[in-house]
Amino acid sequence: MAVIEPVIGLEVHAELNTRSKLFCSCKNVFGAEPNTNVCPVCLGLPGTLPRLNRQACYHAVKMGHALSCEINMVSRQDRKNYFYPDLPKAYQISQADIPICGRGYLDILVDNEVRRIGINRIHIEEDAGKLLHDDGYEGTLCDYNRCGVPLIEIVTEPDLRSSAEARVFLETLRAVLRYTAVSDCKMQEGSIRCDVNVSVHEKGKPLGTRCELKNVNSFSAALRGIEYEIKRQTEIIAQGGIVERETLRWDDKNGVSILMRSKENAQDYRFFPEPDLGDIVLDEEEVRTLKAEMPEMPDKKMIRYVKEQGLNSSEAFIIADSPEKAGLYDECVSLGKCGCHSVANRIVGEITKYMNDTGKTIIETGITPENLCSLCSAHENGVISSSGSKTVLDELIIKGGNTEEIINRLGLVQNSDTGFLSELAGNVIALNEKSVNDYRNGKTNALGYLVGQAMKASGGKADPAKLKEILENKLKTEE
Amino acid sequence: MFCGAKDGAVMMSLCDMSVSVLADMLRNKHCSARELLTDVMDRAKAVQTELNCYITFNDKAVQAADEADRRIAAGEDISLLTGIPVAIKDNISTRGLRTTCASKMLESYIPPYSATAVERLESAGAVVIGKTNMDEFAMGSASDTGIFGAVRNPVDNNYSAGGSSGGSAAAVAGGAAVLALGSDTGGSVRQPASFCGVVGFCPSYGAVSRYGLIAFASSLDRIGSIGRSVRDTFYLHNTINGYDIKDVTSFEKKISPELTGELKGLRIGVCAEMMKACTDAEISDALEAAMKEMEKQGAELVDISIPSVKDAVKAYYIISSAEASSNLARYDGVRCGFRAKDTGSLADMYKRSRTEGFGAEVKRRIMLGTFVLSEGYFEAYYKRALSCRRRISYDFDRAFELCDIIAAPVYPRAGTALNNSISATDMYAADIFTVPASMAGLPAVSVPCGRSSQDFR
């Protein structure tokens with residue numbers, strides 16, 4: 001039977017967090033009262049002219065650097081013409097043939113393997129307004145506050161091969177966007193949106209016809225949409241049919257894609273160069289400086305964490321996804337005093353939980369690379385037990401401070417001395433003949449009871465792991 | 001109002017005088033700005049039925065005149081234009097004053113802002129009389145495609161004032177304004193100025209900010225100045241030109257040359273292709289006579305060639321229509337402007353608003369423009385027109401190595417009769433003399449000379 005392979009490409013739109021809109025000086029903010037953040041230019045009133053916000057261009061360049069894209073020092077803006085009530089000029093100023101950024105790539109981790117996903121281009125364009133339906137009004141309401149907000153559109157090559165990959169790609173891309181700080185990526189505010197292109201083909205044969213899926217409002221909706229399209233197209237082919245080139249709207253509530261436009265009604269945008277604006281000419285110095293100042297991106301971190309430091313991919317993602325968690329982790333590792341797994345566990349575990357519960361950032365907790373490292377090495381070296389280390393960690397998070405000081409103050413130093421533990425083990429064996437016999441007769445959980453008794457006798461100071469080991473040995477070897 | 005003279009001879013009306021004379025009179029208190037305005041308004045209203053120059057009169061004009069008088073009295077007059085009544089073509093935005101583009105689409109549109117050119121005039125203390133009649137959305141050559149009727153020529157009422165800035169040209173020629181702003185995309189200031197016997201200056205693309213000029217063809221539109229003399233026209237242009245942050249296509253440097261009137265050593269190019277295309281003997285004779293006169297005054301005539309003249313009109317109509325189809329797409333009935341009544345679906349609202357809102361010429365250009373940009377035709381039409389445009393610029397560059405200015409007719413005929421039956425394509429073809437300078441971004445001026453007209457750089 002032929003192997004049917006899905007081929008997926010994505011177009012991601014992210015709103016840039018510039019101070020003003022792309023072509024006028026209206027403020028670029030979310031949530032204002034409808035039609036209060038507008039001016040003749042972004043309303044497209046007769047006679048108005050655009051002027052380009054250069055900060056938006058350099059935001060696009062930053063993203064280009066983050067995705068290893070070619071930067072086009074000279075690029076052009078073009079008009080994309082179509083009619084829709086949310087588009088006041090009836091054209092969107094976008095970029096057609098020569099975008100700001102050309103080809104690049106993003107490496108993602110799929111099943112712990114690195115997959116390189118090609119980026120075709122990044123270009124800047126203006127956002128449209130919002131159409132709203134109100135029960136109290138028959139008709140459609142138009143809010144133009146969002147009109148003219150700068151967007152970057154990131155277009156991938158059709159390199160993705162499953163919905164899972166697409167999901168990982170989107171999450172990784174979002175992390176990169178957050179690191180560059182060019183967008184705040186809040187899907188619920190619409191500052192990041194995604195269109196999906198799906199086709200299927202028999203592996204080894206030419207590519208199939210692709211369909212475009214719009215109105216995908218979350219990353220998990222993207223997953224569902226892709227799965228549905230793969231299934232729909234595969235069934236068509238299995239029944240000997242032909243997949244038509246269509247644009248579909250994803251209805252997440254009902255889990256189906258609905259035809260928006262067939263190929264006969266495909267939009268002809270009649271692109272032509274925007275005569276009101278000249279070429280975008282980037283400053284070489286500025287572009288160079290932005291590249292030099294780029295910190296390590298999360299995709300590179302993730303791969304490093306998994307491949308070089310042996311973290312698992314979900315840990316690697318949680319840490320790399322947040323610039324501050326990654327910063328903390330990297331610094332701890334570079335101090336070289338403890339193992340990276342210990343640090344990773346604690347960041348991914350208690351520290352993340354605390355941050356989520358309280359909404360605090362790492363700086364607002366008491367954790368520092370130094371005190372976290374000290375804690376990890378104290379635990380690794382057996383100075384404190386697991387439960388001891390948890391106690392210390394809780395205090396470090398809330399109050400901060402010095403690890404050694406806390407350990408001593410709370411009397412958490414545990415005794416790992418072999419002689420001491422041996423004696424303890426010997427005593428508890430002598431005092432608990434019944435349990436010893438139970439154990440020797442196959443009841444392995446009697447060991448736990450004996451360890452508990454020994455811990456009690458030591459006032460909780462014995463190193464439980466080592467104690468257990470010594471007890472077990474004694475039970476097995478001595479008669 | 002007439003100014004009496006010592007020997008009882010009747011002098012010119014105020015409304016027919018030049019800017020320098022009026023500026024002098026205003027400063028020396030021989031008349032007030034209010035009196036001047038009244039004289040101009042009286043004339044404008046008197047000839048309105050006959051010429052149909054105006055669409056809307058400015059009800060704040062008297063206020064502006066009084067303010068000008070106050071400034072002059074206080075010595076705050078910074079400009080020659082303080083107190084001078086100026087007419088504004090109705091495709092140039094004026095805050096609070098209806099701006100219609102002579103179209104049903106914008107029949108009740110009142111802009112919330114003024115064009116930069118208007119703001120500069122008002123800062124200088126000029127008095128806006130009102131908005132002048134034109135071809136709808138500046139598309140036409142006889143100011144007869146608009147909804148307010150045709151503009152008639154003060155020289156002969158059976159003839160058109162030309163277009164698309166006919167109202168502005170006729171107002172200046174008829175004393176219904178001292179100066180006027182028009183717009184020129186393919187000849188719309190030069191041609192009506194030529195028909196009405198006044199001076200029409202079409203500046204370089206970028207010399208005057210387009211912010212507030214309701215766009216027809218973005219890469220070709222300019223705001224032009226019309227006056228009864230070159231000097232007057234220059235004063236107007238010089239007040240509105242210069243860099244505007246709101247228009248990134250505007251020149252960074254303001255160019256304000258001196259008017260010397262000195263012709264010695266000036267090399268005047270005579271374009272072989274244009275002279276050949278001028279088949280009206282009266283026009284070519286008048287042009288020849290004028291050139292001979294200039295030669296007598298020290299200019300040198302040089303033969304030049306601009307081969308791409310023959311393709312200029314076609315390329316112009318492709319590019320201007322393409323840009324117009326995009327610029328006029330915003331008139332969809334949604335936000336401002338005309339919306340058809342009782343429409344059903346969105347598509348129905350769009351279709352009916354635009355069908356009812358636009359006249360035939362505008363629709364023709366929109367369809368032409370949409371076609372040449374559409375998939376499958378873009379390469380054959382629009383792209384080729386762009387390369388033709390580059391050739392035109394190149395030809396001019398080479399010609400200007402040999403000469404300083406180029407002299408040519410403005411139009412193949414001295415006037416267009418009203419109610420003519422000239423076909424659209426014949427109308428388009430008649431732009432042959434004006435369109436090359438438009439395509440190359442070059443400045444050009446129409447200067448009258450009896451019943452003929454000339455085109456200078």
# chains A, B, ... in the order shown; residues from 1 in each chain; ligands from 1
call {"tool": "interface_residues", "arguments": {"of": "chain B", "to": "chain A", "cutoff": "8 Å", "atoms": "only C-alpha atoms", "output": "PyMOL selection string"}}
result
chain B and resi 92-93+112-113+115+210-215+218-219+246-249+326-327+329-330+334-336+370+373-375+378
call {"tool": "write_last_selection", "arguments": {"atoms": "C-alpha atoms", "output": "mmCIF file, in the first residue's frame"}}
result
data_model
loop_
_atom_site.group_PDB
_atom_site.id
_atom_site.type_symbol
_atom_site.label_atom_id
_atom_site.label_comp_id
_atom_site.auth_asym_id
_atom_site.auth_seq_id
_atom_site.Cartn_x
_atom_site.Cartn_y
_atom_site.Cartn_z
ATOM 1 C CA ILE B 92 -7.867 69.268 -2.567
ATOM 2 C CA SER B 93 -8.994 68.681 1.028
ATOM 3 C CA PRO B 112 -11.636 66.620 8.919
ATOM 4 C CA TYR B 113 -8.262 67.945 7.818
ATOM 5 C CA ALA B 115 -4.170 69.513 2.565
ATOM 6 C CA ARG B 210 0.419 65.725 -2.180
ATOM 7 C CA TYR B 211 -0.903 65.256 1.336
ATOM 8 C CA GLY B 212 -4.567 66.142 1.112
ATOM 9 C CA LEU B 213 -4.770 65.970 -2.686
ATOM 10 C CA ILE B 214 -7.370 63.296 -3.282
ATOM 11 C CA ALA B 215 -5.383 60.766 -5.229
ATOM 12 C CA SER B 218 -0.124 58.557 -7.058
ATOM 13 C CA SER B 219 3.076 58.574 -9.103
ATOM 14 C CA LYS B 246 3.487 63.785 5.733
ATOM 15 C CA ASP B 247 4.436 63.116 2.096
ATOM 16 C CA VAL B 248 7.560 60.996 1.770
ATOM 17 C CA THR B 249 7.641 61.631 -1.979
ATOM 18 C CA SER B 326 -6.374 51.148 -6.704
ATOM 19 C CA ASN B 327 -6.785 54.674 -5.305
ATOM 20 C CA ALA B 329 -11.170 51.296 -4.507
ATOM 21 C CA ARG B 330 -11.608 52.854 -1.062
ATOM 22 C CA VAL B 334 -18.511 51.606 3.966
ATOM 23 C CA ARG B 335 -16.973 54.603 5.704
ATOM 24 C CA CYS B 336 -17.248 57.950 4.013
ATOM 25 C CA THR B 370 -8.021 46.829 -13.033
ATOM 26 C CA LEU B 373 -3.008 44.980 -13.284
ATOM 27 C CA SER B 374 -4.760 41.654 -13.432
ATOM 28 C CA GLU B 375 -3.099 38.294 -13.517
ATOM 29 C CA PHE B 378 0.202 42.584 -15.793
#
call {"tool": "select_by_dssp", "arguments": {"residues": "stretch 41-206 of chain A", "states": "helix (DSSP H, G or I)", "output": "ChimeraX atom specification"}}
result
/A:54-66,163-180,187-189
call {"tool": "residues_around", "arguments": {"residues": "B:Gly140", "least_positions_apart": "4", "cutoff": "7 Å", "atoms": "only C-alpha atoms", "output": "PyMOL selection string"}}
result
chain B and resi 135+145+163-164
call {"tool": "atom_distance", "arguments": {"atom1": "atom CA of B:Tyr316", "atom2": "atom CA of B:Lys253"}}
result
27.5 Å
call {"tool": "select_by_dssp", "arguments": {"residues": "stretch 285-363 of chain B", "states": "strand (DSSP E)", "output": "VMD selection string"}}
result
chain B and resid 300 to 304
call {"tool": "write_last_selection", "arguments": {"atoms": "N, CA and C atoms", "output": "PDB file, in the first residue's frame"}}
result
ATOM      1  N   GLU B 300      18.666  80.581 -27.569  1.00  0.00           N
ATOM      2  CA  GLU B 300      19.200  79.796 -28.680  1.00  0.00           C
ATOM      3  C   GLU B 300      18.264  78.616 -28.918  1.00  0.00           C
ATOM      4  N   LEU B 301      17.856  78.391 -30.146  1.00  0.00           N
ATOM      5  CA  LEU B 301      16.968  77.263 -30.444  1.00  0.00           C
ATOM      6  C   LEU B 301      17.799  76.041 -30.822  1.00  0.00           C
ATOM      7  N   VAL B 302      17.481  74.914 -30.230  1.00  0.00           N
ATOM      8  CA  VAL B 302      18.251  73.693 -30.472  1.00  0.00           C
ATOM      9  C   VAL B 302      17.291  72.573 -30.878  1.00  0.00           C
ATOM     10  N   ASP B 303      17.661  71.824 -31.904  1.00  0.00           N
ATOM     11  CA  ASP B 303      16.807  70.703 -32.282  1.00  0.00           C
ATOM     12  C   ASP B 303      17.075  69.511 -31.379  1.00  0.00           C
ATOM     13  N   ILE B 304      16.018  68.922 -30.828  1.00  0.00           N
ATOM     14  CA  ILE B 304      16.185  67.733 -29.988  1.00  0.00           C
ATOM     15  C   ILE B 304      15.177  66.675 -30.406  1.00  0.00           C
TER      16      ILE B 304
END
call {"tool": "residues_around", "arguments": {"residues": "stretch 33-35 of chain A", "least_positions_apart": "6", "cutoff": "6 Å", "atoms": "only C-alpha atoms", "output": "PyMOL selection string"}}
result
chain A and resi 143-145
call {"tool": "residues_around", "arguments": {"residues": "A:Lys263", "least_positions_apart": "5", "cutoff": "10 Å", "atoms": "only C-alpha atoms", "output": "PyMOL selection string"}}
result
chain A and resi 211+244-247
call {"tool": "residues_around", "arguments": {"residues": "stretch 12-14 of chain B", "least_positions_apart": "4", "cutoff": "12 Å", "atoms": "only C-alpha atoms", "output": "tab-separated table (two decimals) with N, CA and C atoms, in the first residue's frame"}}
result
chain	number	residue	atom	x	y	z
B	1	MET	N	-16.02	96.48	-7.59
B	1	MET	CA	-15.60	97.82	-7.19
B	1	MET	C	-14.52	98.33	-8.14
B	2	PHE	N	-14.69	99.49	-8.58
B	2	PHE	CA	-13.67	100.08	-9.46
B	2	PHE	C	-12.82	101.05	-8.67
B	3	CYS	N	-11.59	101.17	-9.06
B	3	CYS	CA	-10.75	102.18	-8.42
B	3	CYS	C	-10.78	103.42	-9.30
B	4	GLY	N	-11.16	104.46	-8.73
B	4	GLY	CA	-11.23	105.70	-9.53
B	4	GLY	C	-9.83	106.23	-9.80
B	5	ALA	N	-9.64	106.85	-10.92
B	5	ALA	CA	-8.34	107.45	-11.23
B	5	ALA	C	-8.50	108.94	-11.34
B	18	SER	N	-3.11	92.20	-10.48
B	18	SER	CA	-2.06	91.22	-10.18
B	18	SER	C	-1.77	91.19	-8.69
B	19	VAL	N	-1.08	90.16	-8.29
B	19	VAL	CA	-0.76	89.96	-6.87
B	19	VAL	C	0.10	91.10	-6.34
B	20	SER	N	1.11	91.48	-7.10
B	20	SER	CA	2.01	92.55	-6.60
B	20	SER	C	1.25	93.84	-6.40
B	21	VAL	N	0.43	94.19	-7.38
B	21	VAL	CA	-0.34	95.44	-7.27
B	21	VAL	C	-1.28	95.36	-6.07
B	22	LEU	N	-1.96	94.25	-5.93
B	22	LEU	CA	-2.90	94.09	-4.82
B	22	LEU	C	-2.17	94.11	-3.48
B	23	ALA	N	-1.06	93.43	-3.42
B	23	ALA	CA	-0.31	93.38	-2.17
B	23	ALA	C	0.09	94.78	-1.75
B	25	MET	N	-1.45	97.59	-2.66
B	25	MET	CA	-2.64	98.33	-2.28
B	25	MET	C	-3.10	97.95	-0.88
B	26	LEU	N	-2.99	96.68	-0.56
B	26	LEU	CA	-3.41	96.24	0.77
B	26	LEU	C	-2.51	96.86	1.83
B	30	HIS	N	-4.97	101.19	0.34
B	30	HIS	CA	-5.83	101.67	-0.74
B	30	HIS	C	-7.06	100.81	-0.87
B	31	CYS	N	-6.96	99.57	-0.36
B	31	CYS	CA	-8.16	98.76	-0.22
B	31	CYS	C	-7.89	97.77	0.91
B	32	SER	N	-8.96	97.18	1.39
B	32	SER	CA	-8.81	96.19	2.45
B	32	SER	C	-8.98	94.81	1.86
B	33	ALA	N	-8.55	93.82	2.61
B	33	ALA	CA	-8.71	92.44	2.16
B	33	ALA	C	-10.19	92.12	2.01
B	34	ARG	N	-10.97	92.69	2.91
B	34	ARG	CA	-12.40	92.44	2.85
B	34	ARG	C	-13.00	93.01	1.57
B	35	GLU	N	-12.55	94.24	1.22
B	35	GLU	CA	-13.06	94.84	-0.01
B	35	GLU	C	-12.64	94.02	-1.22
B	36	LEU	N	-11.42	93.59	-1.20
B	36	LEU	CA	-10.91	92.77	-2.30
B	36	LEU	C	-11.71	91.48	-2.41
B	37	LEU	N	-11.94	90.85	-1.27
B	37	LEU	CA	-12.70	89.61	-1.28
B	37	LEU	C	-14.10	89.87	-1.83
B	38	THR	N	-14.71	90.94	-1.36
B	38	THR	CA	-16.06	91.25	-1.81
B	38	THR	C	-16.10	91.43	-3.33
B	39	ASP	N	-15.09	92.13	-3.84
B	39	ASP	CA	-15.03	92.35	-5.29
B	39	ASP	C	-14.92	91.02	-6.03
B	40	VAL	N	-14.05	90.17	-5.54
B	40	VAL	CA	-13.86	88.88	-6.18
B	40	VAL	C	-15.13	88.04	-6.08
B	41	MET	N	-15.72	88.02	-4.91
B	41	MET	CA	-16.94	87.23	-4.70
B	41	MET	C	-18.08	87.73	-5.59
B	42	ASP	N	-18.19	89.04	-5.68
B	42	ASP	CA	-19.24	89.62	-6.54
B	42	ASP	C	-19.04	89.14	-7.96
B	43	ARG	N	-17.80	89.20	-8.42
B	43	ARG	CA	-17.53	88.76	-9.79
B	43	ARG	C	-17.83	87.27	-9.91
B	84	ILE	N	-4.92	87.79	-0.18
B	84	ILE	CA	-5.22	87.52	-1.59
B	84	ILE	C	-6.22	86.37	-1.72
B	85	PRO	N	-7.31	86.57	-2.45
B	85	PRO	CA	-8.29	85.49	-2.60
B	85	PRO	C	-7.82	84.41	-3.58
B	174	GLY	N	-11.45	84.68	-15.43
B	174	GLY	CA	-12.64	85.52	-15.38
B	174	GLY	C	-12.67	86.48	-14.21
B	175	GLY	N	-11.59	86.57	-13.45
B	175	GLY	CA	-11.58	87.49	-12.31
B	175	GLY	C	-12.37	86.99	-11.12
B	176	ALA	N	-12.79	85.72	-11.16
B	176	ALA	CA	-13.52	85.15	-10.02
B	176	ALA	C	-12.56	84.62	-8.96
B	177	ALA	N	-11.28	84.79	-9.20
B	177	ALA	CA	-10.23	84.47	-8.23
B	177	ALA	C	-8.98	85.19	-8.71
B	178	VAL	N	-8.09	85.51	-7.79
B	178	VAL	CA	-6.82	86.12	-8.22
B	178	VAL	C	-5.84	85.01	-8.59
call {"tool": "atom_distance", "arguments": {"atom1": "atom CA of A:Ala238", "atom2": "atom CA of A:Ile226"}}
result
17.9 Å
call {"tool": "closest_residue", "arguments": {"among": "A:Thr418, A:Asn427, A:Thr391, A:Thr444", "to": "A:Ala465", "atoms": "only C-alpha atoms"}}
result
A:Thr418
call {"tool": "closest_residue", "arguments": {"among": "A:Leu259, A:Ile8, A:Val3, A:Ser389", "to": "A:Ile230", "atoms": "only C-alpha atoms"}}
result
A:Ile8
